[in-house]
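Have a look at target-v7.cif; it's mmCIF, C-alpha atoms:
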data_run
#
loop_
_atom_site.label_atom_id
_atom_site.label_comp_id
_atom_site.auth_asym_id
_atom_site.auth_seq_id
_atom_site.Cartn_x
_atom_site.Cartn_y
_atom_site.Cartn_z
CA THR A 1 -93.78 -102.77 24.68
CA MET A 2 -97.18 -104.33 24.18
CA LYS A 3 -100.21 -102.20 24.90
CA PRO A 4 -102.92 -104.02 26.91
CA ARG A 5 -106.36 -104.50 25.41
CA ARG A 6 -109.57 -103.81 27.27
CA SER A 7 -111.91 -106.71 27.84
CA SER A 8 -115.57 -106.96 26.93
CA VAL A 9 -116.38 -107.16 30.63
CA LEU A 10 -114.68 -103.82 31.17
CA LEU A 11 -116.82 -102.25 28.49
CA PHE A 12 -119.90 -103.83 30.07
CA ALA A 13 -118.90 -102.34 33.42
CA LEU A 14 -118.22 -98.90 32.04
CA ALA A 15 -121.58 -98.89 30.31
CA VAL A 16 -123.23 -99.23 33.69
CA TRP A 17 -121.61 -96.33 35.50
CA SER A 18 -119.73 -94.22 33.01
CA ALA A 19 -120.88 -90.95 31.58
CA ALA A 20 -118.98 -91.74 28.41
CA ASN A 21 -119.70 -89.82 25.24
CA PRO A 22 -121.70 -91.98 22.87
CA CYS A 23 -121.44 -90.73 19.31
CA PRO A 24 -121.28 -93.92 17.24
CA ALA A 25 -122.42 -92.50 13.94
CA GLN A 26 -120.32 -89.33 14.23
CA LEU A 27 -123.27 -87.32 12.95
CA VAL A 28 -122.04 -84.10 14.57
CA GLU A 29 -118.53 -82.70 14.79
CA ILE A 30 -117.77 -79.85 17.21
CA LYS A 31 -114.45 -78.04 17.03
CA PRO A 32 -113.01 -75.05 18.89
CA ASP A 33 -110.99 -72.60 16.83
CA LYS A 34 -107.78 -73.67 18.60
CA THR A 35 -107.09 -77.28 17.72
CA ASN A 36 -105.38 -77.97 21.05
CA GLY A 37 -108.38 -76.63 22.96
CA ILE A 38 -106.20 -74.46 25.21
CA TYR A 39 -107.03 -70.77 25.81
CA GLN A 40 -106.24 -67.91 28.15
CA VAL A 41 -108.59 -66.12 30.49
CA GLY A 42 -110.44 -63.46 28.50
CA ASP A 43 -110.31 -65.43 25.25
CA THR A 44 -113.44 -66.10 23.22
CA VAL A 45 -113.83 -69.63 21.91
CA HIS A 46 -115.38 -69.88 18.45
CA TRP A 47 -116.99 -73.30 18.06
CA THR A 48 -117.77 -74.76 14.65
CA VAL A 49 -120.51 -77.37 14.43
CA SER A 50 -120.76 -79.58 11.35
CA TRP A 51 -123.66 -81.92 10.58
CA GLN A 52 -122.33 -85.11 8.96
CA GLY A 53 -125.62 -86.90 8.37
CA SER A 54 -127.09 -87.64 4.93
CA SER A 55 -130.38 -85.96 5.85
CA ASN A 56 -130.95 -82.33 6.76
CA PRO A 57 -129.84 -81.32 10.28
CA PRO A 58 -132.54 -82.05 12.85
CA ALA A 59 -133.66 -79.70 15.60
CA THR A 60 -130.60 -79.39 17.83
CA GLN A 61 -130.22 -77.90 21.31
CA TYR A 62 -126.93 -76.69 22.79
CA THR A 63 -125.85 -76.20 26.40
CA PHE A 64 -122.65 -74.64 27.72
CA LYS A 65 -121.39 -76.21 30.96
CA ARG A 66 -118.65 -74.42 32.86
CA GLY A 67 -116.49 -76.98 34.58
CA GLY A 68 -118.59 -79.63 32.89
CA LEU A 69 -121.43 -78.93 35.32
CA THR A 70 -122.67 -75.34 35.68
CA ASP A 71 -125.15 -74.32 32.96
CA THR A 72 -123.99 -70.99 31.52
CA GLY A 73 -126.26 -70.80 28.48
CA GLN A 74 -128.43 -72.86 26.19
CA GLY A 75 -130.57 -72.53 23.12
CA SER A 76 -131.39 -73.86 19.67
CA LEU A 77 -128.73 -74.26 17.02
CA THR A 78 -129.23 -72.72 13.61
CA PHE A 79 -127.62 -74.57 10.68
CA SER A 80 -126.75 -73.13 7.31
CA ASN A 81 -125.35 -75.55 4.71
CA ASN A 82 -125.02 -78.16 7.46
CA ALA A 83 -122.83 -75.85 9.57
CA ALA A 84 -123.41 -73.71 12.64
CA SER A 85 -121.31 -71.65 15.03
CA LEU A 86 -121.26 -70.88 18.74
CA GLU A 87 -119.19 -68.66 21.02
CA THR A 88 -118.17 -68.79 24.65
CA LYS A 89 -115.78 -66.62 26.63
CA PHE A 90 -113.50 -67.66 29.46
CA ASP A 91 -113.69 -65.21 32.34
CA ALA A 92 -111.67 -67.38 34.74
CA PRO A 93 -109.35 -70.39 34.67
CA GLY A 94 -111.31 -73.56 34.04
CA THR A 95 -112.91 -75.81 31.48
CA MET A 96 -115.94 -75.52 29.23
CA LEU A 97 -118.04 -78.36 27.84
CA VAL A 98 -120.39 -77.86 24.89
CA GLU A 99 -123.21 -80.38 24.76
CA LEU A 100 -125.45 -80.90 21.74
CA LYS A 101 -128.63 -82.99 21.67
CA TRP A 102 -130.84 -83.56 18.66
CA GLN A 103 -134.05 -85.26 17.69
CA PRO A 104 -135.14 -87.93 18.14
CA ASN A 105 -134.14 -87.62 21.78
CA ARG A 106 -132.07 -90.72 22.57
CA PRO A 107 -128.63 -91.31 24.14
CA ALA A 108 -126.85 -91.77 20.80
CA ASN A 109 -128.08 -88.40 19.54
CA ARG A 110 -125.66 -86.41 21.63
CA ALA A 111 -122.19 -84.94 21.19
CA VAL A 112 -119.81 -82.94 23.34
CA ALA A 113 -116.60 -80.98 22.94
CA GLY A 114 -114.31 -79.31 25.45
CA ALA A 115 -111.82 -76.52 25.96
CA VAL A 116 -109.75 -75.17 28.82
CA ALA A 117 -108.40 -71.77 29.86
CA ALA A 118 -105.24 -71.29 31.93
CA PRO A 119 -105.03 -75.01 32.82
CA GLU A 120 -102.07 -74.44 35.13
CA GLU A 121 -104.22 -72.18 37.35
CA ILE A 122 -107.03 -74.63 38.14
CA THR A 123 -107.02 -75.33 41.87
CA ALA A 124 -108.58 -78.04 44.01
CA ALA A 125 -112.03 -77.51 45.46
CA ALA A 126 -111.01 -78.36 49.03
CA PRO A 127 -107.87 -78.72 51.13
CA ALA A 128 -106.69 -82.01 52.58
CA PRO A 129 -108.09 -82.99 55.98
CA ARG A 130 -105.80 -81.91 58.79
CA ASP A 131 -105.18 -85.51 59.81
CA PHE A 132 -104.83 -86.86 56.26
CA ASP A 133 -101.17 -87.81 56.64
CA ALA A 134 -101.72 -89.24 60.13
CA PHE A 135 -104.61 -91.37 58.92
CA TRP A 136 -102.64 -92.89 56.08
CA GLN A 137 -99.54 -93.40 58.19
CA ALA A 138 -101.70 -95.42 60.59
CA GLN A 139 -103.03 -97.49 57.68
CA LEU A 140 -99.51 -98.20 56.45
CA GLU A 141 -98.51 -99.28 59.96
CA LYS A 142 -101.51 -101.63 60.01
CA LEU A 143 -100.47 -103.07 56.65
CA LYS A 144 -96.93 -103.70 57.91
CA ARG A 145 -98.41 -106.17 60.38
CA VAL A 146 -99.75 -108.25 57.45
CA PRO A 147 -96.96 -110.21 55.76
CA PRO A 148 -97.74 -110.72 52.05
CA ILE A 149 -97.12 -114.52 52.15
CA PRO A 150 -96.99 -114.82 48.34
CA LEU A 151 -98.51 -117.88 46.72
CA LEU A 152 -97.36 -118.32 43.12
CA GLU A 153 -98.78 -120.81 40.65
CA PRO A 154 -96.71 -121.25 37.48
CA VAL A 155 -98.75 -121.36 34.28
CA ASP A 156 -97.48 -122.39 30.84
CA ILE A 157 -98.77 -119.64 28.58
CA ARG A 158 -96.65 -120.81 25.67
CA LYS A 159 -94.83 -117.55 25.15
CA PRO A 160 -91.16 -118.21 24.45
CA GLY A 161 -88.73 -116.40 26.71
CA VAL A 162 -91.32 -115.45 29.35
CA LEU A 163 -92.08 -116.97 32.74
CA TYR A 164 -95.62 -116.43 34.06
CA TRP A 165 -97.41 -117.08 37.36
CA LYS A 166 -100.75 -116.43 38.94
CA ILE A 167 -100.12 -114.81 42.31
CA ARG A 168 -101.94 -114.22 45.59
CA LEU A 169 -100.83 -111.98 48.45
CA ASP A 170 -102.35 -111.39 51.86
CA ASN A 171 -103.96 -108.03 52.63
CA ILE A 172 -105.75 -106.32 55.50
CA ASN A 173 -108.92 -107.70 57.11
CA ASP A 174 -108.21 -111.28 55.99
CA THR A 175 -108.54 -110.32 52.32
CA HIS A 176 -106.19 -111.09 49.45
CA ILE A 177 -104.60 -109.49 46.42
CA GLN A 178 -104.93 -111.58 43.29
CA GLY A 179 -103.01 -110.97 40.13
CA GLN A 180 -100.51 -112.16 37.56
CA ILE A 181 -96.76 -111.74 37.35
CA ALA A 182 -94.31 -112.34 34.52
CA ARG A 183 -90.61 -111.80 33.82
CA PRO A 184 -88.01 -112.69 31.21
CA GLU A 185 -86.91 -116.31 31.35
CA LYS A 186 -83.25 -115.38 31.07
CA GLY A 187 -81.50 -112.96 33.38
CA ASP A 188 -81.26 -112.37 37.11
CA LYS A 189 -82.32 -108.77 37.81
CA PHE A 190 -85.01 -106.68 36.12
CA PRO A 191 -86.73 -103.31 36.44
CA ALA A 192 -90.21 -103.69 37.93
CA LEU A 193 -93.55 -102.53 36.56
CA LEU A 194 -96.77 -102.55 38.59
CA ILE A 195 -100.05 -102.29 36.66
CA VAL A 196 -103.21 -101.31 38.55
CA GLN A 197 -106.63 -101.78 36.99
CA TRP A 198 -109.44 -99.61 35.69
CA ALA A 199 -112.98 -99.83 37.08
CA GLY A 200 -115.27 -102.80 36.70
CA VAL A 201 -115.06 -106.48 37.57
CA TYR A 202 -113.27 -108.61 34.98
CA ALA A 203 -110.55 -111.16 34.31
CA LEU A 204 -106.89 -110.34 33.83
CA HIS A 205 -105.40 -111.51 30.53
CA PRO A 206 -101.81 -112.81 30.30
CA ASP A 207 -101.07 -110.69 27.23
CA TRP A 208 -101.56 -107.56 29.34
CA ILE A 209 -98.20 -108.31 30.96
CA THR A 210 -96.31 -110.78 28.79
CA GLY A 211 -95.36 -108.14 26.23
CA HIS A 212 -93.81 -106.06 29.01
CA ALA A 213 -92.01 -109.14 30.36
CA ALA A 214 -90.63 -109.93 26.90
CA ALA A 215 -89.33 -106.35 26.74
CA GLY A 216 -87.37 -106.86 29.95
CA TRP A 217 -89.76 -105.97 32.77
CA LEU A 218 -90.61 -107.86 35.93
CA THR A 219 -94.34 -107.11 35.64
CA LEU A 220 -97.07 -107.46 38.27
CA ASP A 221 -100.71 -106.79 37.37
CA ILE A 222 -103.29 -106.92 40.18
CA GLU A 223 -107.05 -107.04 40.41
CA ALA A 224 -108.78 -104.15 42.15
CA HIS A 225 -110.89 -106.78 43.94
CA ASP A 226 -110.24 -109.96 45.90
CA VAL A 227 -111.43 -112.18 43.05
CA PRO A 228 -109.86 -114.91 40.88
CA ILE A 229 -108.19 -113.58 37.75
CA ASP A 230 -109.15 -116.18 35.15
CA LYS A 231 -112.83 -117.10 35.40
CA PRO A 232 -115.36 -116.91 32.52
CA ASP A 233 -116.94 -113.54 31.74
CA SER A 234 -120.23 -114.72 33.28
CA PHE A 235 -118.50 -115.08 36.67
CA TYR A 236 -117.52 -111.41 36.72
CA LYS A 237 -120.86 -110.21 35.39
CA ASP A 238 -122.61 -112.04 38.21
CA LEU A 239 -120.28 -110.48 40.77
CA PHE A 240 -120.81 -107.03 39.28
CA ALA A 241 -124.57 -107.49 39.42
CA GLY A 242 -124.45 -109.03 42.91
CA PRO A 243 -121.90 -108.72 45.75
CA LEU A 244 -119.80 -106.11 43.94
CA LYS A 245 -122.68 -104.06 42.57
CA ASP A 246 -121.81 -100.37 42.98
CA TYR A 247 -118.68 -101.43 44.87
CA TRP A 248 -117.36 -97.86 44.74
CA ARG A 249 -120.20 -96.82 47.09
CA ILE A 250 -119.53 -99.52 49.69
CA GLY A 251 -118.56 -97.83 52.94
CA ASN A 252 -118.12 -94.44 51.31
CA ASP A 253 -119.44 -92.68 54.42
CA ASP A 254 -116.69 -94.09 56.68
CA ARG A 255 -112.97 -93.78 55.95
CA ASP A 256 -112.26 -96.99 57.86
CA ALA A 257 -114.92 -99.00 55.97
CA SER A 258 -114.54 -97.65 52.44
CA TYR A 259 -114.05 -100.24 49.72
CA PHE A 260 -111.21 -98.10 48.43
CA LEU A 261 -109.23 -98.53 51.64
CA ARG A 262 -108.63 -102.21 50.85
CA MET A 263 -108.03 -101.37 47.18
CA TYR A 264 -105.46 -98.68 47.95
CA LEU A 265 -103.62 -100.87 50.45
CA SER A 266 -103.67 -103.75 47.94
CA ALA A 267 -101.64 -101.58 45.61
CA VAL A 268 -99.22 -100.68 48.41
CA GLN A 269 -98.76 -104.33 49.40
CA ALA A 270 -98.16 -105.33 45.77
CA LEU A 271 -95.59 -102.56 45.35
CA GLU A 272 -93.75 -103.51 48.51
CA TYR A 273 -93.80 -107.17 47.50
CA LEU A 274 -92.04 -106.31 44.24
CA MET A 275 -89.34 -104.57 46.25
CA THR A 276 -88.63 -107.78 48.20
CA ARG A 277 -88.15 -110.00 45.15
CA PRO A 278 -84.56 -111.07 44.49
CA ASP A 279 -85.11 -110.63 40.73
CA TRP A 280 -85.89 -106.90 41.06
CA ASP A 281 -82.92 -104.77 40.06
CA GLY A 282 -83.31 -102.61 43.17
CA LYS A 283 -83.43 -99.40 41.14
CA THR A 284 -86.36 -99.01 38.74
CA LEU A 285 -89.94 -99.32 40.03
CA VAL A 286 -92.68 -97.94 37.79
CA VAL A 287 -96.44 -97.89 38.32
CA THR A 288 -99.05 -97.30 35.64
CA GLY A 289 -102.81 -97.43 35.17
CA THR A 290 -105.83 -95.95 33.43
CA SER A 291 -108.95 -94.40 34.98
CA GLN A 292 -109.40 -96.15 38.35
CA GLY A 293 -105.90 -97.51 37.65
CA GLY A 294 -104.66 -93.95 37.14
CA GLN A 295 -106.28 -93.08 40.46
CA GLN A 296 -104.30 -95.82 42.19
CA THR A 297 -101.14 -94.87 40.28
CA LEU A 298 -101.06 -91.31 41.58
CA MET A 299 -102.16 -92.42 45.04
CA LEU A 300 -99.20 -94.83 45.19
CA ALA A 301 -96.75 -92.21 43.97
CA GLY A 302 -97.87 -89.91 46.78
CA LEU A 303 -98.07 -92.55 49.49
CA HIS A 304 -94.72 -94.16 48.53
CA PRO A 305 -92.76 -91.09 47.32
CA LYS A 306 -89.26 -92.40 48.03
CA ASN A 307 -89.45 -95.68 46.14
CA ILE A 308 -91.30 -95.11 42.86
CA THR A 309 -89.19 -94.21 39.84
CA ALA A 310 -92.06 -92.90 37.69
CA ALA A 311 -95.87 -92.85 37.62
CA LEU A 312 -97.82 -93.01 34.34
CA ALA A 313 -101.56 -92.30 34.58
CA LEU A 314 -104.14 -91.94 31.82
CA VAL A 315 -107.46 -90.16 32.59
CA PRO A 316 -107.01 -90.75 36.34
CA ALA A 317 -110.18 -91.06 38.39
CA GLY A 318 -110.72 -89.97 41.98
CA CYS A 319 -109.33 -86.46 41.60
CA ASP A 320 -110.86 -83.37 43.24
CA MET A 321 -113.72 -85.23 44.91
CA MET A 322 -115.31 -82.00 46.19
CA ALA A 323 -115.46 -80.39 42.72
CA PRO A 324 -119.27 -79.92 42.67
CA ALA A 325 -118.95 -77.67 45.73
CA VAL A 326 -117.32 -75.10 43.44
CA GLY A 327 -119.55 -75.74 40.42
CA ARG A 328 -117.42 -78.32 38.60
CA ALA A 329 -118.33 -81.84 37.55
CA SER A 330 -117.00 -84.64 39.72
CA ALA A 331 -115.09 -87.69 38.58
CA TYR A 332 -115.73 -91.37 39.15
CA PRO A 333 -116.40 -92.61 41.85
CA ASN A 334 -118.68 -89.54 42.13
CA TRP A 335 -119.05 -89.77 45.89
CA TYR A 336 -120.19 -86.14 46.18
CA SER A 337 -123.54 -87.01 44.64
CA SER A 338 -123.76 -90.65 45.81
CA THR A 339 -125.64 -89.68 48.96
CA TRP A 340 -129.28 -90.60 48.40
CA ASP A 341 -129.27 -93.27 51.14
CA LYS A 342 -126.48 -91.86 53.34
CA ASP A 343 -125.44 -88.82 55.32
CA ALA A 344 -124.11 -86.49 52.60
CA GLU A 345 -121.75 -84.70 54.97
CA LYS A 346 -120.14 -87.99 56.04
CA VAL A 347 -119.74 -89.18 52.45
CA ARG A 348 -118.11 -85.93 51.36
CA GLU A 349 -115.82 -85.82 54.37
CA THR A 350 -114.77 -89.43 53.73
CA SER A 351 -114.04 -88.64 50.09
CA ARG A 352 -111.32 -86.20 51.08
CA TYR A 353 -109.24 -89.04 52.58
CA PHE A 354 -109.27 -90.87 49.23
CA ASP A 355 -108.96 -87.83 46.95
CA VAL A 356 -106.01 -88.21 44.58
CA VAL A 357 -105.21 -84.50 44.90
CA ASN A 358 -104.24 -85.00 48.54
CA PHE A 359 -101.83 -87.81 47.65
CA ALA A 360 -100.47 -85.95 44.63
CA ARG A 361 -99.14 -83.17 46.88
CA HIS A 362 -96.51 -85.63 48.13
CA ILE A 363 -95.33 -87.02 44.76
CA GLU A 364 -91.59 -86.77 44.19
CA CYS A 365 -91.06 -88.93 41.09
CA PRO A 366 -91.52 -87.89 37.43
CA VAL A 367 -95.13 -88.18 36.31
CA LEU A 368 -96.81 -88.66 32.92
CA ILE A 369 -100.52 -87.80 32.88
CA GLY A 370 -103.05 -87.84 30.03
CA LEU A 371 -106.47 -86.18 30.13
CA GLY A 372 -109.33 -85.73 27.69
CA LEU A 373 -110.97 -82.34 27.23
CA ARG A 374 -114.33 -83.99 26.53
CA ASP A 375 -114.04 -86.61 29.27
CA GLU A 376 -117.20 -86.69 31.39
CA THR A 377 -116.19 -89.70 33.51
CA CYS A 378 -112.97 -88.10 34.78
CA PRO A 379 -113.46 -84.45 33.77
CA PRO A 380 -110.32 -82.54 32.78
CA ALA A 381 -110.63 -79.93 35.53
CA THR A 382 -110.48 -82.65 38.20
CA VAL A 383 -107.30 -84.08 36.70
CA LEU A 384 -105.73 -80.64 36.36
CA ALA A 385 -106.48 -79.91 40.02
CA ALA A 386 -104.25 -82.90 40.83
CA VAL A 387 -101.64 -82.04 38.20
CA ASN A 388 -101.22 -78.55 39.61
CA VAL A 389 -100.22 -79.70 43.11
CA ILE A 390 -97.49 -81.99 41.77
CA THR A 391 -94.10 -80.32 42.17
CA SER A 392 -91.94 -83.07 40.68
CA PRO A 393 -91.10 -83.16 36.95
CA LYS A 394 -94.33 -83.78 35.07
CA GLU A 395 -95.56 -84.17 31.52
CA VAL A 396 -99.22 -83.54 30.77
CA VAL A 397 -100.62 -84.83 27.50
CA MET A 398 -103.77 -82.88 26.70
CA LEU A 399 -106.12 -84.88 24.46
CA PRO A 400 -108.41 -82.27 22.90
CA THR A 401 -110.82 -84.64 21.14
CA SER A 402 -110.81 -87.50 23.65
CA GLY A 403 -113.50 -88.58 26.05
CA HIS A 404 -112.86 -91.26 28.64
CA GLN A 405 -112.37 -93.98 26.04
CA ASP A 406 -109.95 -94.19 23.15
CA GLU A 407 -112.41 -93.30 20.38
CA ASN A 408 -110.81 -93.69 16.97
CA GLY A 409 -107.31 -93.17 18.31
CA THR A 410 -108.02 -90.00 20.30
CA GLN A 411 -105.76 -91.19 23.14
CA ARG A 412 -102.93 -92.27 20.85
CA PRO A 413 -100.67 -89.28 21.68
CA PHE A 414 -100.59 -90.35 25.33
CA GLU A 415 -100.20 -94.03 24.56
CA LYS A 416 -97.28 -93.27 22.28
CA ARG A 417 -95.57 -91.37 25.09
CA ARG A 418 -96.33 -94.12 27.63
CA TYR A 419 -95.52 -97.24 25.61
CA ASP A 420 -93.07 -96.02 22.99
CA ILE A 421 -91.09 -93.36 24.85
CA TRP A 422 -91.36 -93.49 28.66
CA LEU A 423 -91.42 -97.23 29.37
CA PRO A 424 -88.52 -98.11 27.03
CA ALA A 425 -86.38 -95.33 28.52
CA LEU A 426 -87.17 -96.39 32.07
CA GLN A 427 -86.63 -100.07 31.28
CA GLN A 428 -83.13 -99.19 30.03
CA GLY A 429 -82.38 -97.31 33.24
CA ARG A 430 -82.42 -93.89 31.60
CA PRO A 431 -84.08 -90.82 33.21
CA ALA A 432 -87.77 -90.27 32.64
CA PRO A 433 -88.05 -88.46 29.28
CA VAL A 434 -90.22 -85.63 30.62
CA ASN A 435 -91.40 -83.28 27.89
CA GLN A 436 -92.44 -80.14 29.72
#
If you took the structure in this file and wrote it as structure tokens, what would it be?
Amino acid sequence: TMKPRRSSVLLFALAVWSAANPCPAQLVEIKPDKTNGIYQVGDTVHWTVSWQGSSNPPATQYTFKRGGLTDTGQGSLTFSNNAASLETKFDAPGTMLVELKWQPNRPANRAVAGAVAAPEEITAAAPAPRDFDAFWQAQLEKLKRVPPIPLLEPVDIRKPGVLYWKIRLDNINDTHIQGQIARPEKGDKFPALLIVQWAGVYALHPDWITGHAAAGWLTLDIEAHDVPIDKPDSFYKDLFAGPLKDYWRIGNDDRDASYFLRMYLSAVQALEYLMTRPDWDGKTLVVTGTSQGGQQTLMLAGLHPKNITAALALVPAGCDMMAPAVGRASAYPNWYSSTWDKDAEKVRETSRYFDVVNFARHIECPVLIGLGLRDETCPPATVLAAVNVITSPKEVVMLPTSGHQDENGTQRPFEKRRYDIWLPALQQGRPAPVNQ
């Protein structure tokens, strides 16, 4: 199955809002003494720092951040033969981030590493609102009153054996869902795959779905926004700088006005549309996504627990929105701290209705989740808070050296499980190959 490639517009978007870990020259390497980064409460972590530069190590400062947020110690690093060592001790379940900064002080001169203790014991920062289920049931009832009215435009993409269309569906509040759909040219019934997108504003590329279609999937890939899927990069950059600037903050102090309400219901409408197609096999329905797409993936699996066969999410966003209240770093969309021009209490209360943890409690299908121990955009503790409320069969791929992006193949272990193991098995109608 073909793995989708990220567009330049995506990278542009992530550069604007992401707390990604820039370390282009790889001047510093930080390693815990356990290569998998997993410890028990009471363990001491011995960190080894290696300076890779051709010059002598510069003045370097370190900071320990419990949960990726709470400062638990800092100081100056002492190198000997281009190496230094640090120690931290876990006194409770949670994560630890080590941050190094060196002179001259600029964004590239920074490195981080992470570790976790008792990952299965990390709990969410806040419970679900009492009316969480009632609120979402009302939204689903509202969506039922909006027929999808699919409009499909066939496009010749010159890929033998694959049929491809641009597609538009109707959504709430007179908005639309725009995407692309492909399937094998030969055959009558196929397993269905829904792909939901990461953050940013960008085009959808046919090769993100045609490889799946060639492998036997009926594949639908939808925009997170009501925008055309095939405009020039400049079109999306202008949107991202204009009407969709900071879209994740739009309406984030009102659960009925949040930008994510339309986005979440777009995913539901797309899923339900797939279930009405005569070329769906009526059995296998898989959803997958990365980052904001992982957020939507787990949301869907919780909101539609009876219909989804499996959910595959890499570095899912939107988990444990209230994490800073207990001293842990929050994940994109970072509503907890996005309150400078709004009522903070309203923003934080609204966030609980869109928190992936509260959907994950209802998941019944097998789940594959990947997380990076040095991810600062979707910190590992937030993802684990969601993982730990899932009671269905689940496989968690811990990526000890990965941040939010796939830096030099750091996310390859998850991608191998997703594209080489899980999707082929599911496409063939076999059970999810959960490795627990």
Could you list, with a cut-off of 12 Å and counting all atoms listed in the file, the residues of range 58-163 of chain A near range 190-206 of chain A, each shown with its nearest atom pair and the distance in Å rounded to one decimal, rows sorted by chain and ascending number, as JSON lines?
{"residue": "A:Val155", "atom": "CA", "partner": "A:Pro206", "partner_atom": "CA", "distance": 9.9}
{"residue": "A:Asp156", "atom": "CA", "partner": "A:Pro206", "partner_atom": "CA", "distance": 10.5}
{"residue": "A:Ile157", "atom": "CA", "partner": "A:Pro206", "partner_atom": "CA", "distance": 7.7}
{"residue": "A:Arg158", "atom": "CA", "partner": "A:Pro206", "partner_atom": "CA", "distance": 10.6}
{"residue": "A:Lys159", "atom": "CA", "partner": "A:Pro206", "partner_atom": "CA", "distance": 9.9}
{"residue": "A:Val162", "atom": "CA", "partner": "A:Pro206", "partner_atom": "CA", "distance": 10.9}
{"residue": "A:Leu163", "atom": "CA", "partner": "A:Pro206", "partner_atom": "CA", "distance": 10.9}
Report the residues retrieved by the PyMOL selection byres ((chain A and resi 432) around 12) from the displayed file, expressed as a PyMOL selection string. chain A and resi 284-286+308-312+365-368+392-395+417-418+421-431+433-436
Residue neighbourhood Met263 in chain A, 12 Å, only C-alpha atoms, exclusion window fewer than 4 positions, as JSON, numbers by chain: {"A": [171, 172, 173, 175, 176, 177, 178, 196, 197, 198, 199, 222, 223, 224, 225, 226, 247, 248, 250, 257, 258, 259, 267, 268, 269, 270, 292, 293, 295, 296, 297, 299, 300, 354]}
Could you state the separation of CA of Val326 in chain A and CA of Ala125 in chain A in Å, given to one decimal place?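 It comes out at 6.2 Å.
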Taking all atoms listed in the file into account, which of A:Ala313, A:Ile149, A:Cys378, A:Leu261 comes nearest Tyr273 in chain A?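 Smallest distance to Tyr273 in chain A is found for A:Ile149.
If you measure from each of A:Leu140, A:Val45, A:Leu274, A:Tyr264 to Ile181 in chain A using all atoms listed in the file, the closest one turns out to be A:Leu274.
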Could you give me, as a list in words, the residues within 10 Å of Asp246 in chain A, counting only C-alpha atoms and dropping anything in the same chain fewer than 3 positions from it?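 Residues meeting the cut-off are Val16, Trp17, Gly200, Phe240, Ala241, Gly242, Pro243, Arg249, Ile250 and Pro333 of chain A.
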For this structure, which residues satisfy the selection - the PyMOL selection byres ((chain A and resi 214) around 7) - when it is evaluated on the file as given? I want them as JSON, numbers by chain. {"A": [161, 162, 184, 210, 211, 212, 213, 215, 216]}
Running the PyMOL selection byres ((chain A and resi 315) around 7) on this model by hand, what would come out? Give it as a ChimeraX atom specification. /A:290-291,294,313-314,316-317,370-372,378,404
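Using all atoms listed in the file, the shortest contact distance between Glu120 in chain A and any of A:Leu143, A:Leu244, A:Val387, A:Leu220 is found at A:Val387.
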Please produce, as a Markdown table, a per-residue contact table for range 304-340 of chain A versus range 52-74 of chain A (criterion: any atom at most 12 Å away, all atoms listed in the file considered), showing the nearest atom pair and its distance in Å to one decimal, sorted by chain then residue number.
| residue | atom | partner | partner_atom | distance |
| --- | --- | --- | --- | --- |
| A:Ala323 | CA | A:Gly67 | CA | 8.9 |
| A:Pro324 | CA | A:Leu69 | CA | 7.7 |
| A:Ala325 | CA | A:Leu69 | CA | 10.8 |
| A:Val326 | CA | A:Gly67 | CA | 9.1 |
| A:Gly327 | CA | A:Thr70 | CA | 5.7 |
| A:Arg328 | CA | A:Gly67 | CA | 4.3 |
| A:Ala329 | CA | A:Leu69 | CA | 4.8 |
| A:Ser330 | CA | A:Leu69 | CA | 8.5 |
| A:Ala331 | CA | A:Gly68 | CA | 10.5 |
What are the closest atom pairs, with distances in Å to one decimal, for all residues of range 61-111 of chain A lying within 6 Å of range 28-42 of chain A? Consider all atoms listed in the file, order rows by chain and residue number, and present the result as a Markdown table.
| residue | atom | partner | partner_atom | distance |
| --- | --- | --- | --- | --- |
| A:Phe90 | CA | A:Val41 | CA | 5.2 |
| A:Asp91 | CA | A:Gly42 | CA | 5.3 |
| A:Ala92 | CA | A:Val41 | CA | 5.4 |
So that I have them on file, write out the residues from the current selection with C-alpha atoms, as a PDB file, in the frame of the given file.
ATOM      1  CA  PHE A  90    -113.500 -67.660  29.460  1.00  0.00           C
ATOM      2  CA  ASP A  91    -113.690 -65.210  32.340  1.00  0.00           C
ATOM      3  CA  ALA A  92    -111.670 -67.380  34.740  1.00  0.00           C
TER       4      ALA A  92
END
If you count only C-alpha atoms, which residues fall within 8 Å of range 335-341 of chain A, apart from same-chain ones fewer than 3 positions away, as a ChimeraX atom specification? /A:249,252,321-322,324,330,332,344,347-348,351
Suppose you want the space between CA of Ala126 in chain A and CA of Lys142 in chain A; what is it in Å?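 Distance reported for this atom pair: 27.4 Å.
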For Phe260 in chain A, the closest of A:Pro160, A:Pro380, A:Gly302, A:Gly318 counting all atoms listed in the file is A:Gly318
Box centre and edge lengths (Å, one decimal), axis-aligned, range 209-223 of chain A plus 4 Å each side, as lines of an AutoDock Vina configuration file:
center_x = -97.2
center_y = -108.4
center_z = 33.3
size_x = 27.7
size_y = 12.8
size_z = 22.2
